[in-house]
>>> print(open('start02.pdb').read())   # PDB, C-alpha atoms
ATOM      1  CA  MET A   1     -11.916   3.524   0.544
ATOM      2  CA  ASP A   2      -8.343   2.315   0.777
ATOM      3  CA  GLU A   3      -6.933   1.848   4.256
ATOM      4  CA  HIS A   4      -5.045   4.895   5.562
ATOM      5  CA  LYS A   5      -6.510   7.274   3.000
ATOM      6  CA  MET A   6      -9.109   9.998   3.140
ATOM      7  CA  TYR A   7     -10.424  12.480   0.645
ATOM      8  CA  LYS A   8      -9.810  16.201   0.721
ATOM      9  CA  LEU A   9     -12.196  18.466  -1.151
ATOM     10  CA  ILE A  10     -11.382  22.152  -1.584
ATOM     11  CA  PHE A  11     -13.851  24.666  -3.007
ATOM     12  CA  ARG A  12     -14.491  28.412  -2.929
ATOM     13  CA  THR A  13     -17.628  29.861  -1.352
ATOM     14  CA  ASP A  14     -19.783  32.662  -2.701
ATOM     15  CA  ARG A  15     -17.986  35.176  -0.518
ATOM     16  CA  ASP A  16     -14.917  35.423   1.663
ATOM     17  CA  ASP A  17     -15.099  35.609   5.432
ATOM     18  CA  THR A  18     -13.493  39.016   5.815
ATOM     19  CA  GLU A  19     -16.763  40.235   7.360
ATOM     20  CA  GLY A  20     -16.037  37.957  10.280
ATOM     21  CA  ARG A  21     -17.018  34.463  11.200
ATOM     22  CA  ASN A  22     -20.744  34.923  11.715
ATOM     23  CA  THR A  23     -22.987  31.978  12.481
ATOM     24  CA  ASN A  24     -25.282  32.348   9.447
ATOM     25  CA  TYR A  25     -22.314  32.100   7.088
ATOM     26  CA  LEU A  26     -20.777  29.169   8.967
ATOM     27  CA  TYR A  27     -24.094  27.307   9.184
ATOM     28  CA  SER A  28     -24.514  27.747   5.418
ATOM     29  CA  ILE A  29     -21.112  26.072   4.921
ATOM     30  CA  HIS A  30     -22.106  23.370   7.421
ATOM     31  CA  GLU A  31     -25.291  22.692   5.391
ATOM     32  CA  LYS A  32     -23.301  22.577   2.130
ATOM     33  CA  VAL A  33     -20.962  19.966   3.669
ATOM     34  CA  LYS A  34     -24.008  17.892   4.669
ATOM     35  CA  LEU A  35     -25.238  17.994   1.062
ATOM     36  CA  ILE A  36     -21.870  16.838  -0.273
ATOM     37  CA  PHE A  37     -21.732  13.855   2.131
ATOM     38  CA  PRO A  38     -25.450  13.153   2.850
ATOM     39  CA  GLU A  39     -25.389   9.463   3.787
ATOM     40  CA  LYS A  40     -22.326   9.599   5.994
ATOM     41  CA  PHE A  41     -22.998  12.904   7.711
ATOM     42  CA  GLU A  42     -25.296  11.645  10.439
ATOM     43  CA  ASP A  43     -23.042   8.700  11.281
ATOM     44  CA  ARG A  44     -19.815  10.652  11.527
ATOM     45  CA  ARG A  45     -19.319  14.266  10.734
ATOM     46  CA  GLU A  46     -16.929  15.303   8.050
ATOM     47  CA  THR A  47     -14.523  17.921   9.378
ATOM     48  CA  PHE A  48     -14.072  21.167   7.504
ATOM     49  CA  ARG A  49     -12.229  24.470   7.717
ATOM     50  CA  VAL A  50     -12.971  27.875   6.170
ATOM     51  CA  ASP A  51     -10.239  30.417   5.402
ATOM     52  CA  ASP A  52     -10.828  33.501   3.266
ATOM     53  CA  GLY A  53     -13.763  31.926   1.457
ATOM     54  CA  VAL A  54     -11.958  28.644   0.729
ATOM     55  CA  VAL A  55     -13.480  25.539   2.305
ATOM     56  CA  SER A  56     -11.347  22.444   2.954
ATOM     57  CA  ILE A  57     -13.166  19.229   3.873
ATOM     58  CA  TYR A  58     -11.632  15.958   4.992
ATOM     59  CA  GLY A  59     -14.006  13.098   4.267
ATOM     60  CA  HIS A  60     -14.001   9.390   4.973
ATOM     61  CA  CYS A  61     -15.568   8.588   1.614
ATOM     62  CA  LEU A  62     -15.958  10.041  -1.854
ATOM     63  CA  PRO A  63     -18.367  12.992  -2.017
ATOM     64  CA  GLN A  64     -21.829  11.943  -3.211
ATOM     65  CA  ASN A  65     -22.791  15.361  -4.556
ATOM     66  CA  THR A  66     -20.325  17.512  -6.407
ATOM     67  CA  VAL A  67     -19.325  21.128  -6.212
ATOM     68  CA  HIS A  68     -16.799  22.985  -8.324
ATOM     69  CA  GLY A  69     -13.605  22.242  -6.504
ATOM     70  CA  THR A  70     -10.508  20.108  -6.294
ATOM     71  CA  LEU A  71     -10.735  16.540  -4.966
ATOM     72  CA  THR A  72      -7.536  14.838  -3.878
ATOM     73  CA  THR A  73      -6.632  11.927  -1.667
ATOM     74  CA  ALA A  74      -4.830  12.730   1.536
ATOM     75  CA  LYS A  75      -2.470  10.531   3.472
ATOM     76  CA  THR A  76      -3.593   9.665   7.003
ATOM     77  CA  TRP A  77      -0.847   7.313   8.156
ATOM     78  CA  TYR A  78       2.359   8.791   9.526
ATOM     79  CA  PRO A  79       4.972   6.829  11.488
ATOM     80  CA  GLU A  80       5.883   7.556  15.073
ATOM     81  CA  GLY A  81       8.341  10.447  15.166
ATOM     82  CA  ALA A  82       7.102  12.109  11.959
ATOM     83  CA  GLU A  83       7.213  15.911  12.276
ATOM     84  CA  LEU A  84       4.559  17.894  10.438
ATOM     85  CA  GLY A  85       3.181  21.395  10.218
ATOM     86  CA  PHE A  86      -0.408  21.830  11.377
ATOM     87  CA  ARG A  87      -3.282  24.295  11.435
ATOM     88  CA  MET A  88      -6.512  23.984  13.336
ATOM     89  CA  ARG A  89      -9.389  26.202  14.392
ATOM     90  CA  ALA A  90     -11.144  25.188  17.606
ATOM     91  CA  ASN A  91     -13.674  26.254  20.214
ATOM     92  CA  PRO A  92     -11.956  25.347  23.505
ATOM     93  CA  LEU A  93     -14.451  25.553  26.366
ATOM     94  CA  SER A  94     -14.611  24.274  29.887
ATOM     95  CA  LYS A  95     -17.566  23.695  32.191
ATOM     96  CA  THR A  96     -18.071  25.241  35.592
ATOM     97  CA  PRO A  97     -19.206  22.989  38.476
ATOM     98  CA  GLU A  98     -22.735  24.238  37.683
ATOM     99  CA  GLY A  99     -22.408  22.969  34.096
ATOM    100  CA  GLU A 100     -22.097  26.382  32.434
ATOM    101  CA  LYS A 101     -19.779  26.547  29.408
ATOM    102  CA  VAL A 102     -16.979  29.077  29.823
ATOM    103  CA  ALA A 103     -14.582  30.340  27.162
ATOM    104  CA  LYS A 104     -10.876  29.810  27.716
ATOM    105  CA  ASP A 105      -8.280  32.577  27.492
ATOM    106  CA  SER A 106      -5.141  32.226  25.335
ATOM    107  CA  PHE A 107      -3.105  30.518  28.087
ATOM    108  CA  GLU A 108      -5.891  28.029  28.793
ATOM    109  CA  ALA A 109      -6.375  27.525  25.039
ATOM    110  CA  SER A 110      -2.702  26.560  24.772
ATOM    111  CA  ASP A 111      -3.074  24.083  27.648
ATOM    112  CA  TRP A 112      -6.252  22.745  25.998
ATOM    113  CA  ILE A 113      -4.538  21.747  22.755
ATOM    114  CA  HIS A 114      -1.585  20.178  24.581
ATOM    115  CA  ALA A 115      -4.023  18.046  26.594
ATOM    116  CA  LYS A 116      -5.980  17.054  23.463
ATOM    117  CA  ALA A 117      -2.771  16.281  21.552
ATOM    118  CA  SER A 118      -1.600  13.788  24.170
ATOM    119  CA  LYS A 119      -4.885  11.871  23.738
ATOM    120  CA  LYS A 120      -4.833  12.107  19.934
ATOM    121  CA  GLY A 121      -1.398  10.637  19.212
ATOM    122  CA  PHE A 122       0.752  13.726  18.809
ATOM    123  CA  GLU A 123       2.711  16.310  20.719
ATOM    124  CA  VAL A 124       2.903  19.991  19.902
ATOM    125  CA  LEU A 125       6.483  21.117  19.305
ATOM    126  CA  THR A 126       5.928  24.796  18.480
ATOM    127  CA  MET A 127       2.723  26.748  18.128
ATOM    128  CA  SER A 128       1.123  30.143  17.846
ATOM    129  CA  VAL A 129      -2.313  30.706  19.370
ATOM    130  CA  ILE A 130      -4.529  33.409  17.891
ATOM    131  CA  MET A 131      -7.742  34.347  19.683
ATOM    132  CA  GLU A 132     -10.035  35.260  16.767
ATOM    133  CA  GLY A 133     -13.042  36.275  18.857
ATOM    134  CA  VAL A 134     -16.342  35.055  20.244
ATOM    135  CA  ILE A 135     -19.512  34.357  18.299
ATOM    136  CA  TRP A 136     -22.752  33.496  20.084
ATOM    137  CA  VAL A 137     -24.725  30.542  18.798
ATOM    138  CA  THR A 138     -28.354  29.807  19.621
ATOM    139  CA  LYS A 139     -28.774  26.072  20.101
ATOM    140  CA  LYS A 140     -31.936  23.990  19.684
ATOM    141  CA  ASP A 141     -32.776  24.505  23.364
ATOM    142  CA  GLY A 142     -33.056  28.260  22.677
ATOM    143  CA  LYS A 143     -30.043  29.140  24.848
ATOM    144  CA  GLU A 144     -27.117  31.146  23.544
ATOM    145  CA  TYR A 145     -23.639  29.696  23.947
ATOM    146  CA  PRO A 146     -20.242  31.315  23.387
ATOM    147  CA  ASN A 147     -18.067  29.951  20.625
ATOM    148  CA  VAL A 148     -14.533  31.152  21.130
ATOM    149  CA  THR A 149     -12.706  30.882  17.848
ATOM    150  CA  VAL A 150      -9.054  30.049  18.402
ATOM    151  CA  SER A 151      -6.580  29.344  15.596
ATOM    152  CA  TYR A 152      -3.563  27.155  16.224
ATOM    153  CA  GLU A 153      -0.633  26.837  13.855
ATOM    154  CA  GLY A 154       2.726  25.189  14.384
ATOM    155  CA  ARG A 155       4.693  21.942  14.266
ATOM    156  CA  LEU A 156       3.798  18.598  15.787
ATOM    157  CA  ARG A 157       5.373  15.174  16.234
ATOM    158  CA  VAL A 158       3.401  11.938  15.847
ATOM    159  CA  THR A 159       3.629   9.839  19.018
ATOM    160  CA  GLU A 160       0.949   7.173  18.375
ATOM    161  CA  PRO A 161       0.151   6.635  14.671
ATOM    162  CA  VAL A 162      -3.244   4.925  15.196
ATOM    163  CA  LEU A 163      -4.555   7.714  17.443
ATOM    164  CA  PHE A 164      -3.136  10.366  15.121
ATOM    165  CA  GLU A 165      -4.917   8.834  12.126
ATOM    166  CA  SER A 166      -8.157   8.991  14.104
ATOM    167  CA  ALA A 167      -7.529  12.687  14.852
ATOM    168  CA  LEU A 168      -7.086  13.373  11.139
ATOM    169  CA  LEU A 169     -10.261  11.500  10.217
ATOM    170  CA  ARG A 170     -12.496  12.629  13.087
ATOM    171  CA  GLY A 171     -11.036  15.943  14.172
ATOM    172  CA  VAL A 172      -9.961  17.229  17.588
ATOM    173  CA  GLY A 173     -12.211  18.412  20.398
ATOM    174  CA  ARG A 174     -15.910  17.984  21.103
ATOM    175  CA  GLU A 175     -17.126  20.925  19.013
ATOM    176  CA  LYS A 176     -16.758  19.884  15.365
ATOM    177  CA  TYR A 177     -19.284  22.124  13.701
ATOM    178  CA  LEU A 178     -18.893  25.597  12.197
ATOM    179  CA  GLY A 179     -15.458  24.626  10.912
ATOM    180  CA  TYR A 180     -13.943  23.691  14.278
ATOM    181  CA  GLY A 181     -11.721  20.701  14.982
ATOM    182  CA  MET A 182     -10.220  19.869  11.582
ATOM    183  CA  LEU A 183      -6.536  19.118  12.025
ATOM    184  CA  GLU A 184      -4.986  20.214   8.735
ATOM    185  CA  ILE A 185      -1.404  19.034   8.254
ATOM    186  CA  TYR A 186       1.376  19.763   5.825
ATOM    187  CA  GLU A 187       4.916  18.468   5.484
TER
END
>>> encode(input="start02.pdb", output="structure tokens")
Amino acid sequence: MDEHKMYKLIFRTDRDDTEGRNTNYLYSIHEKVKLIFPEKFEDRRETFRVDDGVVSIYGHCLPQNTVHGTLTTAKTWYPEGAELGFRMRANPLSKTPEGEKVAKDSFEASDWIHAKASKKGFEVLTMSVIMEGVIWVTKKDGKEYPNVTVSYEGRLRVTEPVLFESALLRGVGREKYLGYGMLEIYE
């Protein structure tokens, strides 16, 4: 892969997500992404986003298995001071002193992305925060955990190009499954 370039694959799923973001549907997308990038998936997860049945995936390498879709290259290098539009869906959680995961409210979710942005090479200039709801996920340990789906959309400014490129390639936040964490940008 050329330096400062990633691949963006867009394809339509069998159905749209107007029925809500349920875990079975999102896990099926997650599994499809693993099939498209099988060798690289365990080393570093490819970030993806689902909107109205359309899946967007940012990958570090060319897909190894194909689906009907559109494959393009996407720019990852932007100079300091570049202003861009962005969209991202995340699962902002915090831990109590006892280690329990707790969902954030809309004010805390706003603080969460500002804190993440400062560590990922950008600052948020304007933004809307939409609390989409909570889905409960059963993990391998058998416990159920809340996944608060929060959508962010707005404008950002690049402050540290190297860190920002990493955010584009690796996503934002710890939870990068079920379509969370992909920082999608537009000019």
>>> closest_residue(input="start02.pdb", among="A:Glu187, A:Glu108, A:Glu175, A:Glu83", to="Phe48 in chain A", atoms="only C-alpha atoms")
A:Glu175
>>> axis_aligned_box(input="start02.pdb", around="range 85-94 of chain A", padding_each_side="8 Å", output="AutoDock Vina command-line options")
--center_x -5.7 --center_y 23.8 --center_z 20.1 --size_x 33.8 --size_y 20.9 --size_z 35.7
>>> resolve_selection(input="start02.pdb", expression="the PyMOL selection byres ((chain A and resi 93) around 9)", output="count of residues only")
13
>>> atom_distance(input="start02.pdb", atom1="CA of Arg49 in chain A", atom2="CA of Met182 in chain A")
6.3 Å
>>> closest_residue(input="start02.pdb", among="A:Ile185, A:Val54, A:Ala167, A:Val33", to="Ala117 in chain A", atoms="only C-alpha atoms")
A:Ala167
>>> closest_residue(input="start02.pdb", among="A:Leu168, A:Val158, A:Ala74, A:Val134", to="Leu9 in chain A", atoms="all atoms listed in the file")
A:Ala74
>>> residues_near_point(input="start02.pdb", point="(-10.6, 24.6, 14.0)", cutoff="12 Å", atoms="only C-alpha atoms", output="PyMOL selection string")
chain A and resi 47-51+56-57+86-92+113+129-132+147-153+171-184
>>> closest_residue(input="start02.pdb", among="A:Leu156, A:Ile135, A:Leu169, A:Leu125", to="Lys75 in chain A", atoms="all atoms listed in the file")
A:Leu169
>>> closest_residue(input="start02.pdb", among="A:Ala82, A:Val137, A:Ile10, A:Met127", to="Glu160 in chain A", atoms="all atoms listed in the file")
A:Ala82
>>> atom_distance(input="start02.pdb", atom1="CA of Leu71 in chain A", atom2="CA of Arg170 in chain A")
18.6 Å
>>> atom_distance(input="start02.pdb", atom1="CA of Val124 in chain A", atom2="CA of Arg157 in chain A")
6.5 Å
>>> closest_residue(input="start02.pdb", among="A:Pro97, A:Gly53, A:Gly121, A:Gly133", to="Thr159 in chain A", atoms="only C-alpha atoms")
A:Gly121
>>> residues_around(input="start02.pdb", residues="Val162 in chain A", least_positions_apart="3", cutoff="9 Å", atoms="all atoms listed in the file", output="list in words")
Trp77, Tyr78, Lys120, Gly121, Glu165, Ser166 and Ala167 of chain A
>>> decode(input="start02.pdb", residues="range 80-104 of chain A", atoms="N, CA and C atoms", output="PDB file, in the first residue's frame")
ATOM      1  N   GLU A  80      -1.600  20.137   9.073  1.00  0.00           N
ATOM      2  CA  GLU A  80      -2.068  20.846  10.263  1.00  0.00           C
ATOM      3  C   GLU A  80      -2.906  22.049   9.823  1.00  0.00           C
ATOM      4  N   GLY A  81      -4.034  22.235  10.460  1.00  0.00           N
ATOM      5  CA  GLY A  81      -4.921  23.346  10.139  1.00  0.00           C
ATOM      6  C   GLY A  81      -6.026  23.010   9.153  1.00  0.00           C
ATOM      7  N   ALA A  82      -5.941  21.832   8.511  1.00  0.00           N
ATOM      8  CA  ALA A  82      -6.995  21.438   7.562  1.00  0.00           C
ATOM      9  C   ALA A  82      -8.321  21.293   8.308  1.00  0.00           C
ATOM     10  N   GLU A  83      -9.385  21.855   7.736  1.00  0.00           N
ATOM     11  CA  GLU A  83     -10.720  21.740   8.332  1.00  0.00           C
ATOM     12  C   GLU A  83     -11.563  20.808   7.480  1.00  0.00           C
ATOM     13  N   LEU A  84     -12.190  19.842   8.139  1.00  0.00           N
ATOM     14  CA  LEU A  84     -12.930  18.791   7.451  1.00  0.00           C
ATOM     15  C   LEU A  84     -14.249  18.527   8.156  1.00  0.00           C
ATOM     16  N   GLY A  85     -15.211  18.008   7.410  1.00  0.00           N
ATOM     17  CA  GLY A  85     -16.429  17.511   8.020  1.00  0.00           C
ATOM     18  C   GLY A  85     -16.170  16.098   8.526  1.00  0.00           C
ATOM     19  N   PHE A  86     -16.889  15.672   9.553  1.00  0.00           N
ATOM     20  CA  PHE A  86     -16.705  14.313  10.047  1.00  0.00           C
ATOM     21  C   PHE A  86     -18.022  13.721  10.532  1.00  0.00           C
ATOM     22  N   ARG A  87     -18.051  12.392  10.518  1.00  0.00           N
ATOM     23  CA  ARG A  87     -19.141  11.613  11.106  1.00  0.00           C
ATOM     24  C   ARG A  87     -18.504  10.437  11.828  1.00  0.00           C
ATOM     25  N   MET A  88     -19.078  10.076  12.947  1.00  0.00           N
ATOM     26  CA  MET A  88     -18.579   8.916  13.666  1.00  0.00           C
ATOM     27  C   MET A  88     -19.675   8.387  14.579  1.00  0.00           C
ATOM     28  N   ARG A  89     -19.738   7.092  14.696  1.00  0.00           N
ATOM     29  CA  ARG A  89     -20.636   6.441  15.655  1.00  0.00           C
ATOM     30  C   ARG A  89     -19.730   5.799  16.694  1.00  0.00           C
ATOM     31  N   ALA A  90     -20.065   5.979  17.969  1.00  0.00           N
ATOM     32  CA  ALA A  90     -19.204   5.464  19.036  1.00  0.00           C
ATOM     33  C   ALA A  90     -20.037   4.885  20.179  1.00  0.00           C
ATOM     34  N   ASN A  91     -19.334   4.243  21.086  1.00  0.00           N
ATOM     35  CA  ASN A  91     -19.914   3.657  22.287  1.00  0.00           C
ATOM     36  C   ASN A  91     -19.129   4.208  23.483  1.00  0.00           C
ATOM     37  N   PRO A  92     -19.368   5.478  23.848  1.00  0.00           N
ATOM     38  CA  PRO A  92     -18.578   6.075  24.928  1.00  0.00           C
ATOM     39  C   PRO A  92     -19.033   5.569  26.298  1.00  0.00           C
ATOM     40  N   LEU A  93     -18.128   4.875  26.969  1.00  0.00           N
ATOM     41  CA  LEU A  93     -18.401   4.335  28.304  1.00  0.00           C
ATOM     42  C   LEU A  93     -17.334   4.820  29.271  1.00  0.00           C
ATOM     43  N   SER A  94     -17.670   4.738  30.533  1.00  0.00           N
ATOM     44  CA  SER A  94     -16.666   4.971  31.565  1.00  0.00           C
ATOM     45  C   SER A  94     -16.779   3.832  32.562  1.00  0.00           C
ATOM     46  N   LYS A  95     -15.770   3.682  33.400  1.00  0.00           N
ATOM     47  CA  LYS A  95     -15.785   2.627  34.413  1.00  0.00           C
ATOM     48  C   LYS A  95     -15.933   3.244  35.792  1.00  0.00           C
ATOM     49  N   THR A  96     -16.730   2.578  36.607  1.00  0.00           N
ATOM     50  CA  THR A  96     -16.866   2.989  38.007  1.00  0.00           C
ATOM     51  C   THR A  96     -15.619   2.516  38.745  1.00  0.00           C
ATOM     52  N   PRO A  97     -15.397   2.997  39.994  1.00  0.00           N
ATOM     53  CA  PRO A  97     -14.250   2.497  40.762  1.00  0.00           C
ATOM     54  C   PRO A  97     -14.272   0.978  40.944  1.00  0.00           C
ATOM     55  N   GLU A  98     -15.474   0.378  40.872  1.00  0.00           N
ATOM     56  CA  GLU A  98     -15.593  -1.078  41.001  1.00  0.00           C
ATOM     57  C   GLU A  98     -15.331  -1.797  39.687  1.00  0.00           C
ATOM     58  N   GLY A  99     -15.104  -1.055  38.602  1.00  0.00           N
ATOM     59  CA  GLY A  99     -14.811  -1.648  37.307  1.00  0.00           C
ATOM     60  C   GLY A  99     -16.026  -1.887  36.433  1.00  0.00           C
ATOM     61  N   GLU A 100     -17.205  -1.450  36.863  1.00  0.00           N
ATOM     62  CA  GLU A 100     -18.415  -1.631  36.074  1.00  0.00           C
ATOM     63  C   GLU A 100     -18.464  -0.587  34.964  1.00  0.00           C
ATOM     64  N   LYS A 101     -18.853  -1.018  33.751  1.00  0.00           N
ATOM     65  CA  LYS A 101     -18.982  -0.090  32.629  1.00  0.00           C
ATOM     66  C   LYS A 101     -20.310   0.638  32.730  1.00  0.00           C
ATOM     67  N   VAL A 102     -20.252   1.964  32.570  1.00  0.00           N
ATOM     68  CA  VAL A 102     -21.435   2.807  32.689  1.00  0.00           C
ATOM     69  C   VAL A 102     -21.560   3.670  31.437  1.00  0.00           C
ATOM     70  N   ALA A 103     -22.775   3.738  30.905  1.00  0.00           N
ATOM     71  CA  ALA A 103     -23.041   4.546  29.719  1.00  0.00           C
ATOM     72  C   ALA A 103     -22.979   6.029  30.059  1.00  0.00           C
ATOM     73  N   LYS A 104     -22.519   6.814  29.115  1.00  0.00           N
ATOM     74  CA  LYS A 104     -22.442   8.260  29.299  1.00  0.00           C
ATOM     75  C   LYS A 104     -23.718   8.917  28.766  1.00  0.00           C
TER      76      LYS A 104
END
